[in-house]
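One file, coords.cif, is given below (mmCIF, C-alpha atoms).
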```
data_input
loop_
_atom_site.label_atom_id
_atom_site.label_comp_id
_atom_site.auth_asym_id
_atom_site.auth_seq_id
_atom_site.Cartn_x
_atom_site.Cartn_y
_atom_site.Cartn_z
CA MET A 1 133.70 284.49 -46.97
CA THR A 2 130.26 283.22 -46.05
CA GLU A 3 127.12 285.31 -46.20
CA SER A 4 123.71 284.96 -44.70
CA SER A 5 120.92 284.05 -47.02
CA GLN A 6 118.85 286.80 -45.39
CA HIS A 7 119.98 290.39 -45.88
CA THR A 8 119.83 291.47 -42.26
CA SER A 9 122.92 293.64 -42.52
CA LYS A 10 125.14 295.17 -45.15
CA PRO A 11 128.18 292.90 -45.32
CA GLN A 12 131.40 294.45 -46.53
CA VAL A 13 133.44 292.83 -49.27
CA GLU A 14 136.95 291.87 -48.27
CA VAL A 15 139.40 294.13 -50.09
CA GLU A 16 143.06 293.45 -50.57
CA ALA A 17 145.23 296.54 -50.91
CA SER A 18 147.88 295.77 -53.46
CA GLY A 19 150.29 298.18 -55.02
CA GLY A 20 148.84 301.62 -54.49
CA ASP A 21 145.85 303.90 -54.28
CA ASP A 22 142.71 302.84 -56.16
CA ASN A 23 142.11 306.46 -57.19
CA LYS A 24 145.43 306.80 -59.03
CA SER A 25 143.98 306.06 -62.46
CA ALA A 26 141.15 308.56 -61.94
CA ARG A 27 143.62 311.22 -60.77
CA ARG A 28 145.76 310.70 -63.86
CA GLY A 29 142.66 311.06 -66.04
CA ALA A 30 141.63 314.26 -64.23
CA ILE A 31 145.09 315.76 -64.68
CA PHE A 32 145.09 314.83 -68.36
CA ILE A 33 141.69 316.39 -68.99
CA GLY A 34 142.68 319.50 -67.02
CA VAL A 35 145.76 319.91 -69.19
CA VAL A 36 143.63 319.52 -72.33
CA LEU A 37 141.20 322.24 -71.16
CA VAL A 38 144.05 324.62 -70.32
CA GLY A 39 145.56 323.92 -73.74
CA TYR A 40 142.20 324.66 -75.38
CA ILE A 41 141.95 328.03 -73.60
CA VAL A 42 145.52 328.89 -74.62
CA TYR A 43 144.59 328.00 -78.20
CA LEU A 44 141.65 330.43 -78.08
CA VAL A 45 143.89 333.21 -76.82
CA VAL A 46 146.68 332.57 -79.34
CA THR A 47 144.31 332.36 -82.33
CA GLY A 48 142.39 335.47 -81.28
CA GLN A 49 139.06 333.67 -80.78
CA MET A 50 138.64 334.65 -77.14
CA GLY A 51 136.72 337.81 -78.05
CA GLN A 52 134.35 335.79 -80.24
CA PHE A 53 133.89 333.33 -77.38
CA TRP A 54 132.90 336.02 -74.85
CA ALA A 55 130.61 337.69 -77.38
CA ALA A 56 128.74 334.41 -77.84
CA MET A 57 128.57 333.80 -74.09
CA SER A 58 127.10 337.27 -73.47
CA SER A 59 124.10 336.42 -75.66
CA VAL A 60 123.20 333.12 -73.97
CA GLN A 61 119.56 332.79 -72.88
CA ALA A 62 119.67 331.44 -69.33
CA SER A 63 116.26 329.72 -69.51
CA TRP A 64 117.33 327.38 -72.33
CA LEU A 65 120.64 326.79 -70.57
CA VAL A 66 118.70 325.60 -67.51
CA VAL A 67 116.67 323.24 -69.71
CA ALA A 68 119.91 321.77 -71.10
CA CYS A 69 121.15 321.18 -67.54
CA LEU A 70 117.79 319.62 -66.66
CA CYS A 71 118.18 317.19 -69.60
CA MET A 72 121.50 316.04 -68.18
CA PHE A 73 119.92 315.65 -64.74
CA MET A 74 117.19 313.47 -66.26
CA TYR A 75 119.87 311.38 -67.97
CA LEU A 76 121.46 310.68 -64.56
CA PHE A 77 118.06 310.16 -62.90
CA PHE A 78 116.96 307.50 -65.37
CA GLY A 79 120.31 305.77 -64.94
CA ILE A 80 119.50 305.35 -61.24
CA VAL A 81 115.95 304.19 -62.08
CA ALA A 82 117.33 301.48 -64.39
CA TYR A 83 119.40 300.09 -61.50
CA ALA A 84 116.42 300.38 -59.13
CA ILE A 85 114.35 298.08 -61.36
CA ALA A 86 117.05 295.39 -61.23
CA VAL A 87 117.30 295.71 -57.44
CA TRP A 88 113.49 295.72 -57.00
CA LEU A 89 113.30 292.22 -58.50
CA ASP A 90 115.03 290.84 -55.37
CA PRO A 91 112.63 291.31 -52.41
CA ASN A 92 115.52 290.79 -49.96
CA SER A 93 118.12 293.00 -51.63
CA PRO A 94 119.89 295.28 -49.12
CA VAL A 95 120.67 297.93 -51.75
CA GLY A 96 118.85 301.20 -51.11
CA ILE A 97 118.24 304.36 -53.12
CA ARG A 98 121.28 306.14 -51.70
CA ASP A 99 123.39 303.12 -52.55
CA LEU A 100 122.16 303.29 -56.14
CA ILE A 101 123.00 306.99 -56.35
CA SER A 102 126.52 306.04 -55.24
CA VAL A 103 126.65 303.26 -57.87
CA GLU A 104 125.65 305.65 -60.66
CA ALA A 105 128.08 308.30 -59.39
CA SER A 106 130.90 305.73 -59.36
CA GLY A 107 130.20 304.83 -62.97
CA ILE A 108 130.24 308.49 -64.01
CA PHE A 109 133.36 309.43 -62.05
CA PHE A 110 135.59 306.46 -62.88
CA GLY A 111 134.16 306.06 -66.38
CA ASN A 112 134.78 309.69 -67.36
CA LEU A 113 138.34 309.64 -66.05
CA THR A 114 139.51 306.35 -67.57
CA PRO A 115 140.11 305.47 -71.26
CA MET A 116 137.00 304.20 -73.05
CA MET A 117 135.17 304.25 -69.68
CA MET A 118 136.93 301.03 -68.66
CA GLY A 119 136.86 301.99 -64.96
CA SER A 120 133.08 302.31 -64.86
CA THR A 121 132.02 298.64 -64.58
CA PRO A 122 134.55 297.52 -61.90
CA ALA A 123 133.77 300.60 -59.79
CA GLN A 124 130.02 300.00 -59.96
CA ILE A 125 130.39 296.31 -59.07
CA TYR A 126 132.55 297.34 -56.13
CA ARG A 127 129.92 299.84 -54.90
CA LEU A 128 127.15 297.22 -55.18
CA THR A 129 129.19 294.83 -53.04
CA LYS A 130 129.76 297.55 -50.45
CA ALA A 131 125.99 298.03 -50.38
CA GLY A 132 125.51 294.36 -49.39
CA GLN A 133 125.32 292.29 -52.57
CA ASN A 134 127.79 289.46 -53.02
CA VAL A 135 130.11 289.62 -56.00
CA GLY A 136 128.00 287.24 -58.09
CA GLU A 137 124.84 289.31 -57.62
CA ALA A 138 126.69 292.58 -58.22
CA GLY A 139 128.31 291.22 -61.38
CA ALA A 140 124.97 289.97 -62.73
CA THR A 141 123.28 293.31 -61.99
CA GLN A 142 126.05 295.36 -63.56
CA PHE A 143 126.58 293.25 -66.67
CA THR A 144 122.86 293.09 -67.36
CA ARG A 145 122.76 296.89 -67.08
CA PHE A 146 125.76 297.09 -69.44
CA ILE A 147 123.99 294.91 -72.01
CA VAL A 148 120.82 297.02 -71.89
CA TYR A 149 122.83 300.25 -72.22
CA GLN A 150 124.74 298.88 -75.23
CA PHE A 151 121.44 297.80 -76.76
CA GLY A 152 120.10 301.33 -76.26
CA LEU A 153 123.15 302.84 -77.96
CA VAL A 154 122.82 300.48 -80.93
CA ALA A 155 119.05 300.97 -81.21
CA TRP A 156 119.30 304.77 -81.15
CA GLY A 157 122.23 304.63 -83.55
CA ALA A 158 120.25 302.52 -86.02
CA ILE A 159 117.16 304.77 -85.80
CA LEU A 160 119.10 308.00 -86.24
CA LEU A 161 121.40 306.66 -88.95
CA LEU A 162 118.43 305.50 -91.01
CA ALA A 163 116.55 308.76 -90.45
CA ARG A 164 119.36 311.26 -91.07
CA MET A 165 122.10 309.43 -92.97
CA PRO A 166 121.21 311.03 -96.35
CA PHE A 167 121.45 314.51 -94.81
CA PHE A 168 124.87 313.92 -93.24
CA ALA A 169 126.22 311.94 -96.20
CA GLU A 170 125.34 314.85 -98.52
CA ARG A 171 126.91 317.39 -96.18
CA TYR A 172 130.04 315.53 -95.04
CA GLY A 173 130.55 312.85 -97.68
CA ASP A 174 132.94 310.06 -96.75
CA MET A 175 133.52 311.44 -93.23
CA THR A 176 130.13 309.99 -92.29
CA LEU A 177 131.68 306.54 -92.70
CA LEU A 178 133.47 307.11 -89.38
CA CYS A 179 130.09 306.93 -87.65
CA VAL A 180 129.14 303.84 -89.61
CA PHE A 181 132.35 302.09 -88.54
CA SER A 182 131.87 303.15 -84.91
CA PHE A 183 128.26 301.99 -85.01
CA GLY A 184 129.44 298.68 -86.45
CA GLY A 185 131.90 298.34 -83.56
CA HIS A 186 129.11 298.75 -81.00
CA CYS A 187 127.02 296.22 -82.92
CA CYS A 188 129.89 293.72 -82.77
CA ILE A 189 130.22 294.25 -79.01
CA LEU A 190 126.50 293.68 -78.52
CA LEU A 191 126.45 290.60 -80.78
CA GLY A 192 129.47 289.20 -78.92
CA ILE A 193 127.70 289.63 -75.59
CA PHE A 194 124.55 287.94 -76.88
CA ALA A 195 126.64 285.12 -78.34
CA VAL A 196 128.24 284.47 -74.93
CA ALA A 197 124.86 284.69 -73.21
CA LEU A 198 122.88 282.50 -75.63
CA MET A 199 125.49 280.19 -77.19
CA PRO A 200 128.04 279.49 -74.43
CA LYS A 201 128.97 276.07 -75.81
CA THR A 202 129.86 277.41 -79.26
CA VAL A 203 131.71 280.41 -77.82
CA THR A 204 133.72 278.12 -75.53
CA ARG A 205 134.78 275.95 -78.47
CA VAL A 206 135.82 278.97 -80.54
CA ALA A 207 137.72 280.40 -77.58
CA HIS A 208 139.58 277.12 -77.07
CA CYS A 209 140.52 277.02 -80.77
CA ILE A 210 141.97 280.53 -80.52
CA ILE A 211 143.83 279.67 -77.31
CA ASN A 212 145.26 276.49 -78.87
CA TRP A 213 146.48 278.51 -81.85
CA LEU A 214 148.13 281.05 -79.52
CA GLU A 215 149.79 278.18 -77.68
CA ARG A 216 151.23 276.81 -80.92
CA ILE A 217 152.76 280.17 -81.88
CA GLY A 218 154.63 280.40 -78.59
CA VAL A 219 152.51 282.29 -76.04
CA SER A 220 153.67 281.52 -72.48
CA ALA A 221 152.13 278.52 -70.73
CA THR A 222 151.08 280.65 -67.74
CA LYS A 223 148.94 282.93 -69.88
CA ILE A 224 147.47 280.00 -71.80
CA GLU A 225 146.46 278.23 -68.58
CA GLY A 226 144.92 281.42 -67.19
CA TRP A 227 142.89 281.99 -70.35
CA ARG A 228 141.64 278.41 -70.37
CA THR A 229 140.60 278.65 -66.73
CA PHE A 230 138.76 281.89 -67.40
CA VAL A 231 136.95 280.52 -70.48
CA ASP A 232 135.91 277.29 -68.74
CA GLY A 233 134.69 279.05 -65.62
CA GLU A 234 133.23 282.38 -66.71
CA ILE A 235 131.41 281.91 -70.01
CA TYR A 236 128.77 279.55 -68.61
CA SER A 237 128.54 281.62 -65.45
CA PHE A 238 127.81 284.80 -67.41
CA SER A 239 125.31 282.97 -69.64
CA GLU A 240 123.48 281.59 -66.63
CA LYS A 241 123.22 284.98 -64.91
CA PHE A 242 122.04 286.68 -68.08
CA LYS A 243 119.27 284.13 -68.61
CA LEU A 244 118.14 284.58 -65.01
CA SER A 245 117.84 288.33 -65.55
CA ALA A 246 116.17 287.93 -68.95
CA GLY A 247 113.59 285.63 -67.33
CA HIS A 248 111.92 288.78 -65.97
CA PHE A 249 110.89 289.86 -69.45
CA SER A 250 108.56 292.70 -68.47
CA SER A 251 111.12 294.33 -66.20
CA MET A 252 113.83 293.88 -68.85
CA LEU A 253 111.57 295.56 -71.42
CA LEU A 254 110.91 298.42 -69.00
CA THR A 255 114.64 298.83 -68.42
CA VAL A 256 115.24 299.02 -72.18
CA PHE A 257 112.55 301.72 -72.50
CA ILE A 258 114.06 303.73 -69.62
CA THR A 259 117.54 303.43 -71.14
CA MET A 260 116.26 304.68 -74.51
CA LEU A 261 114.62 307.62 -72.72
CA GLN A 262 117.84 308.25 -70.80
CA LEU A 263 119.92 308.45 -73.98
CA ALA A 264 117.31 310.69 -75.64
CA PHE A 265 117.78 313.30 -72.90
CA PHE A 266 121.56 313.13 -73.38
CA TYR A 267 121.26 313.60 -77.14
CA LEU A 268 118.97 316.63 -76.64
CA VAL A 269 121.48 318.64 -74.59
CA PRO A 270 123.13 320.22 -77.71
CA TYR A 271 119.68 321.09 -79.11
CA PHE A 272 118.74 323.21 -76.08
CA LEU A 273 122.20 324.79 -76.09
CA MET A 274 121.54 325.88 -79.67
CA LEU A 275 118.26 327.43 -78.54
CA ALA A 276 120.20 329.19 -75.77
CA PHE A 277 122.37 330.83 -78.45
CA GLY A 278 119.28 331.87 -80.43
CA HIS A 279 119.39 329.20 -83.17
CA HIS A 280 115.68 328.33 -83.24
CA GLU A 281 115.66 327.13 -86.84
CA VAL A 282 117.48 323.84 -86.13
CA ASP A 283 115.76 320.47 -86.47
CA PHE A 284 115.89 318.67 -83.13
CA PHE A 285 115.96 315.21 -84.76
CA SER A 286 119.00 316.15 -86.87
CA VAL A 287 120.70 317.49 -83.76
CA MET A 288 119.94 314.25 -81.92
CA ALA A 289 121.49 312.30 -84.80
CA ALA A 290 124.59 314.51 -84.77
CA SER A 291 124.87 314.14 -80.99
CA ALA A 292 124.62 310.36 -81.32
CA PHE A 293 127.37 310.39 -83.96
CA VAL A 294 129.62 312.39 -81.61
CA GLN A 295 128.95 309.89 -78.83
CA LEU A 296 129.83 306.98 -81.10
CA LEU A 297 133.11 308.61 -82.10
CA SER A 298 134.21 309.71 -78.63
CA SER A 299 133.47 306.30 -77.11
CA ALA A 300 135.94 304.71 -79.54
CA VAL A 301 138.87 306.97 -78.56
CA PRO A 302 141.19 305.29 -75.98
CA LEU A 303 141.73 308.47 -73.92
CA PRO A 304 140.00 309.69 -70.73
CA GLY A 305 136.72 311.37 -71.54
CA GLY A 306 137.02 310.46 -75.21
CA THR A 307 139.39 313.41 -75.60
CA GLY A 308 140.05 313.99 -79.27
CA GLY A 309 136.96 312.15 -80.44
CA ALA A 310 134.66 314.55 -78.55
CA GLU A 311 136.34 317.65 -79.97
CA GLY A 312 136.60 316.30 -83.49
CA GLY A 313 133.09 314.89 -83.48
CA PHE A 314 131.58 318.11 -82.15
CA ALA A 315 133.41 320.24 -84.70
CA LEU A 316 132.43 317.89 -87.52
CA PHE A 317 128.78 317.11 -86.75
CA LEU A 318 127.54 319.84 -84.38
CA GLY A 319 129.74 322.84 -85.14
CA HIS A 320 127.79 324.04 -88.21
CA PHE A 321 124.54 324.09 -86.17
CA PHE A 322 126.09 326.58 -83.71
CA GLY A 323 127.71 328.75 -86.37
CA SER A 324 129.84 331.53 -84.85
CA ALA A 325 128.98 330.28 -81.35
CA SER A 326 130.53 326.84 -81.94
CA THR A 327 133.45 327.45 -79.55
CA ALA A 328 131.20 328.62 -76.74
CA GLY A 329 128.72 325.86 -77.53
CA TYR A 330 131.41 323.21 -77.31
CA LEU A 331 132.70 324.43 -73.94
CA LEU A 332 129.17 324.61 -72.48
CA TRP A 333 128.31 321.17 -73.89
CA ARG A 334 131.49 319.69 -72.40
CA LEU A 335 130.82 321.44 -69.09
CA ILE A 336 127.23 320.16 -68.81
CA THR A 337 127.72 316.60 -70.09
CA PHE A 338 131.21 315.82 -68.78
CA ILE A 339 133.01 318.19 -66.41
CA ALA A 340 130.13 319.10 -64.06
CA PRO A 341 128.82 315.50 -63.69
CA THR A 342 132.34 314.27 -62.93
CA ILE A 343 132.90 316.93 -60.25
CA LEU A 344 129.44 316.50 -58.72
CA ALA A 345 129.81 312.70 -58.66
CA ALA A 346 132.94 312.82 -56.47
CA PRO A 347 131.19 313.63 -53.13
CA LEU A 348 128.51 310.99 -53.85
CA LEU A 349 130.94 308.06 -54.15
CA GLY A 350 130.65 307.14 -50.47
CA LEU A 351 126.90 307.69 -50.14
CA LYS A 352 125.19 304.81 -48.27
CA SER A 353 121.63 303.99 -47.29
CA ALA A 354 121.00 304.30 -43.56
CA HIS A 355 118.73 301.25 -43.35
CA ASN A 356 118.55 297.68 -44.64
CA GLU A 357 114.93 297.68 -45.86
CA SER A 358 114.75 296.63 -49.49
CA ILE A 359 113.38 298.85 -52.23
CA HIS A 360 110.77 296.16 -52.91
CA ALA A 361 109.55 296.25 -49.28
CA ARG A 362 109.30 300.04 -49.35
CA TRP A 363 107.37 299.86 -52.64
CA ASP A 364 104.97 297.30 -51.12
CA ARG A 365 104.35 299.61 -48.17
CA VAL A 366 103.45 302.47 -50.50
CA MET A 367 101.11 300.20 -52.46
CA ARG A 368 99.34 299.17 -49.24
CA LYS A 369 98.83 302.81 -48.31
CA LEU A 370 97.25 303.36 -51.72
CA GLY A 371 94.93 300.40 -51.13
CA ARG A 372 96.58 298.11 -53.66
CA THR A 373 97.78 294.57 -53.10
CA PRO A 374 101.55 294.35 -53.64
CA GLN A 375 102.86 291.57 -55.84
CA THR A 376 106.13 289.82 -55.21
CA PRO A 377 108.04 289.03 -58.42
CA SER A 378 108.47 285.35 -58.99
CA ALA A 379 112.01 284.20 -59.56
CA PRO A 380 112.47 282.36 -62.85
CA THR A 381 113.68 278.82 -62.86
CA LYS A 382 117.46 278.73 -62.93
CA PRO A 383 118.65 277.27 -66.23
CA HIS A 384 121.21 274.50 -66.22
CA PRO A 385 123.91 274.53 -68.90
CA THR A 386 123.80 271.54 -71.19
CA ASN A 387 127.40 270.55 -70.52
CA ALA A 388 127.64 271.72 -66.92
CA VAL A 389 129.62 269.55 -64.54
CA THR A 390 127.43 267.55 -62.14
CA VAL A 391 128.46 268.13 -58.53
CA ASP A 392 128.70 265.11 -56.23
CA PRO A 393 126.73 265.99 -53.05
CA LYS A 394 129.25 264.09 -50.88
CA LYS A 395 132.19 265.95 -52.34
CA HIS A 396 130.29 269.21 -52.01
CA ALA A 397 129.63 268.48 -48.36
CA GLN A 398 133.33 267.73 -47.81
CA LYS A 399 134.26 271.06 -49.39
CA ALA A 400 131.80 272.82 -47.10
CA SER A 401 133.27 271.17 -43.99
CA GLY A 402 135.89 272.71 -41.76
CA THR A 403 138.67 270.63 -43.37
CA ALA A 404 138.11 272.28 -46.74
CA LYS A 405 140.70 274.69 -48.10
CA PRO A 406 139.82 278.26 -47.11
CA ALA A 407 138.38 280.35 -49.90
CA HIS A 408 140.19 283.37 -51.25
CA LYS A 409 138.82 286.58 -49.80
CA ALA A 410 140.11 288.98 -52.44
CA TYR A 411 136.87 289.24 -54.39
CA VAL A 412 137.68 292.85 -55.20
CA ARG A 413 141.32 293.95 -55.39
CA GLN A 414 142.75 297.44 -55.36
CA THR A 415 145.73 297.92 -57.64
CA GLY A 416 147.76 300.82 -58.88
CA ASP A 417 145.61 300.98 -62.02
CA GLY A 418 142.29 301.11 -60.16
CA ILE A 419 139.66 298.70 -58.83
CA ARG A 420 139.81 295.17 -60.23
CA VAL A 421 137.07 292.56 -59.87
CA SER A 422 138.21 288.95 -59.76
CA PRO A 423 136.42 287.17 -62.67
CA SER A 424 136.31 283.88 -60.78
CA ALA A 425 134.48 285.58 -57.93
CA LEU A 426 131.46 286.05 -60.17
CA ASN A 427 130.82 282.30 -59.82
CA LYS A 428 130.45 282.61 -56.04
CA LYS A 429 127.10 281.43 -54.72
CA LYS A 430 125.55 282.49 -51.45
CA HIS A 431 125.93 279.98 -48.60
CA PRO A 432 123.92 279.92 -45.38
CA LYS A 433 125.77 281.35 -42.44
CA SER A 434 127.18 278.60 -40.27
CA GLN A 435 125.42 278.23 -36.96
#
```

Transcribe the structure of this file into structure tokens.
Amino acid sequence: MTESSQHTSKPQVEVEASGGDDNKSARRGAIFIGVVLVGYIVYLVVTGQMGQFWAAMSSVQASWLVVACLCMFMYLFFGIVAYAIAVWLDPNSPVGIRDLISVEASGIFFGNLTPMMMGSTPAQIYRLTKAGQNVGEAGATQFTRFIVYQFGLVAWGAILLLARMPFFAERYGDMTLLCVFSFGGHCCILLGIFAVALMPKTVTRVAHCIINWLERIGVSATKIEGWRTFVDGEIYSFSEKFKLSAGHFSSMLLTVFITMLQLAFFYLVPYFLMLAFGHHEVDFFSVMAASAFVQLLSSAVPLPGGTGGAEGGFALFLGHFFGSASTAGYLLWRLITFIAPTILAAPLLGLKSAHNESIHARWDRVMRKLGRTPQTPSAPTKPHPTNAVTVDPKKHAQKASGTAKPAHKAYVRQTGDGIRVSPSALNKKKHPKSQ
């Protein structure tokens, strides 16, 4: 599929329907979480805690409850702002503010309803392509955002672990090691991403050694060939796109700051819930640390919404702050940070901007009205991998001719398990529209 180099319209990505509804996985997650909530209510009734729950709810101070909801709103708002910065760097990007709201809503909806939030990234790439970006641009935008978010999680985890580890180690003993292990897992993910981005040659060699070992122990030839194709084609592609994004250092630094601020608002939701229940003696930094520990635990549980990890983590690290109101506090915390955002995100999935004017152009117009000269961001020089294959211009011209084999159009594929993004499609480059 060819695309114009100028974003004069919002092209739609070709989608191949294959094997079922793309919402099936999200529906299964919603049913699972609904069953868990019903089971939790039944547990309260059977154990006689329902009266204690209603007694705690009757004493809630509505003003602090509103502040807790506002914190969650700010978390979602800064998520949209982080995407807007990435889009602003491209003066011709067709993605508008409403498109970005849809992208963030897709990440929340599909992420919350799939194990370990695995549905978030494919859904957000898909929404970016529907907004007009090609798959390569959408993949670069989304994966850069994923890296920054992981960095924010690790940075906050390190700060809070160092600041409050003695307190939690004294109170919970060896149970605190669960957070250390989960934090180490996120560090490994982040280091792996940076290794792929900054050392593609070394990563490719290591990957080939692992694949060769798997081949020797009897893994099927089809899988081996697919893995080799993926490693050879995608590692350098991802590294190249990451370096292009990192070339805008100031904007990357601003995105990191916004992501840290975003996570801070999320970690403060339990603190304001405690104030709503009248617990004004709590230390907000300790509550932030406990909230971060709960997030680390729940993100490691392979169930929709981190079910099991969220309940266990809340009871372990936040329950003692709430005291007798821990049951009510948990349900309100889950409602504000998980259930309500998931429900509210559903009607925003199809939101689309009504115009094709870029965010950068609109920003420039505002700057002119304020009497300031707008500045267009300069695109960094595209790095060339050290062992990249040199393309023969004659062969490239032959491939671009009408006799060339038609390209596959299934950049994004709908399957029974949800939206899948073809990894090879991330290597697609934009070609001028044929005259």

Among listed residues A:Gly39, A:Gly184, A:Gly226, A:Gly157, nearest Ser291 in chain A (using only C-alpha atoms):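 Ranking A:Gly39, A:Gly184, A:Gly226, A:Gly157 by distance to Ser291 in chain A, first place goes to A:Gly157.
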
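Closest approach to Cys187 in chain A among A:Thr114, A:Gln150, A:Thr202, A:Asn134: A:Gln150, based on all atoms listed in the file.
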
Residues matched by the PyMOL selection byres ((chain A and resi 271-285) around 7), written as a ChimeraX atom specification: /A:59-62,64-65,67-68,268-270,286-289,322,329

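CA of Leu316 in chain A sits 25.5 Å away from CA of Leu70 in chain A.
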
If we count only C-alpha atoms, what is near Arg127 in chain A at a cut-off of 9 Å, once residues fewer than 5 positions away on the same chain are taken out, given as a PyMOL selection string? chain A and resi 99-100+102-103+106+122+132+138+349-350

Given only C-alpha atoms as the counted atoms, nearest of A:Ala56, A:Leu153, A:Leu261, A:Ile339 to Gly34 in chain A: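 Closest candidate: A:Ile339.
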
Could you list the residues chosen by the PyMOL selection byres ((chain A and resi 177-183) around 9) in this structure as a PyMOL selection string? chain A and resi 153-154+157-158+161+169+173-176+184-188+293-294+296-297+299-300

Please produce a file of those selected residues containing C-alpha atoms, as a PDB file, in the frame of the given file.
```
ATOM      1  CA  LEU A 153     123.150 302.840 -77.960  1.00  0.00           C
ATOM      2  CA  VAL A 154     122.820 300.480 -80.930  1.00  0.00           C
ATOM      3  CA  GLY A 157     122.230 304.630 -83.550  1.00  0.00           C
ATOM      4  CA  ALA A 158     120.250 302.520 -86.020  1.00  0.00           C
ATOM      5  CA  LEU A 161     121.400 306.660 -88.950  1.00  0.00           C
ATOM      6  CA  ALA A 169     126.220 311.940 -96.200  1.00  0.00           C
ATOM      7  CA  GLY A 173     130.550 312.850 -97.680  1.00  0.00           C
ATOM      8  CA  ASP A 174     132.940 310.060 -96.750  1.00  0.00           C
ATOM      9  CA  MET A 175     133.520 311.440 -93.230  1.00  0.00           C
ATOM     10  CA  THR A 176     130.130 309.990 -92.290  1.00  0.00           C
ATOM     11  CA  GLY A 184     129.440 298.680 -86.450  1.00  0.00           C
ATOM     12  CA  GLY A 185     131.900 298.340 -83.560  1.00  0.00           C
ATOM     13  CA  HIS A 186     129.110 298.750 -81.000  1.00  0.00           C
ATOM     14  CA  CYS A 187     127.020 296.220 -82.920  1.00  0.00           C
ATOM     15  CA  CYS A 188     129.890 293.720 -82.770  1.00  0.00           C
ATOM     16  CA  PHE A 293     127.370 310.390 -83.960  1.00  0.00           C
ATOM     17  CA  VAL A 294     129.620 312.390 -81.610  1.00  0.00           C
ATOM     18  CA  LEU A 296     129.830 306.980 -81.100  1.00  0.00           C
ATOM     19  CA  LEU A 297     133.110 308.610 -82.100  1.00  0.00           C
ATOM     20  CA  SER A 299     133.470 306.300 -77.110  1.00  0.00           C
ATOM     21  CA  ALA A 300     135.940 304.710 -79.540  1.00  0.00           C
TER      22      ALA A 300
END
```

Excluding Val203 in chain A and its own-chain neighbours fewer than 5 positions away, which residues fall within 8 Å of it when counting only C-alpha atoms? Please give them as a list in words. Ala195, Val196 and Ile235 of chain A

Residues just named, written with C-alpha atoms as an mmCIF file, in the coordinates of the input:
```
data_model
loop_
_atom_site.group_PDB
_atom_site.id
_atom_site.type_symbol
_atom_site.label_atom_id
_atom_site.label_comp_id
_atom_site.auth_asym_id
_atom_site.auth_seq_id
_atom_site.Cartn_x
_atom_site.Cartn_y
_atom_site.Cartn_z
ATOM 1 C CA ALA A 195 126.640 285.120 -78.340
ATOM 2 C CA VAL A 196 128.240 284.470 -74.930
ATOM 3 C CA ILE A 235 131.410 281.910 -70.010
#
```

Nearest to Leu344 in chain A among A:Glu104, A:Asp90, A:Glu357, A:Glu311, with distances taken over only C-alpha atoms: which residue is it? A:Glu104

Any idea what the distance is between CA of Leu331 in chain A and CA of Tyr40 in chain A?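 Answer for the CA of Leu331 in chain A to CA of Tyr40 in chain A separation: 9.6 Å.
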
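Of note, CA of Thr259 in chain A and CA of Ile336 in chain A are spaced 19.5 Å apart.
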
Output the residue selection produced by the PyMOL selection byres ((chain A and resi 303) around 10) on the file above, formatted as number ranges by chain. A: 29, 32-33, 112-117, 298-302, 304-309

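Minimum distance to Ile108 in chain A across A:Ala340, A:Val366, A:Ala315, A:Ala140 (counting all atoms listed in the file) occurs at A:Ala340.
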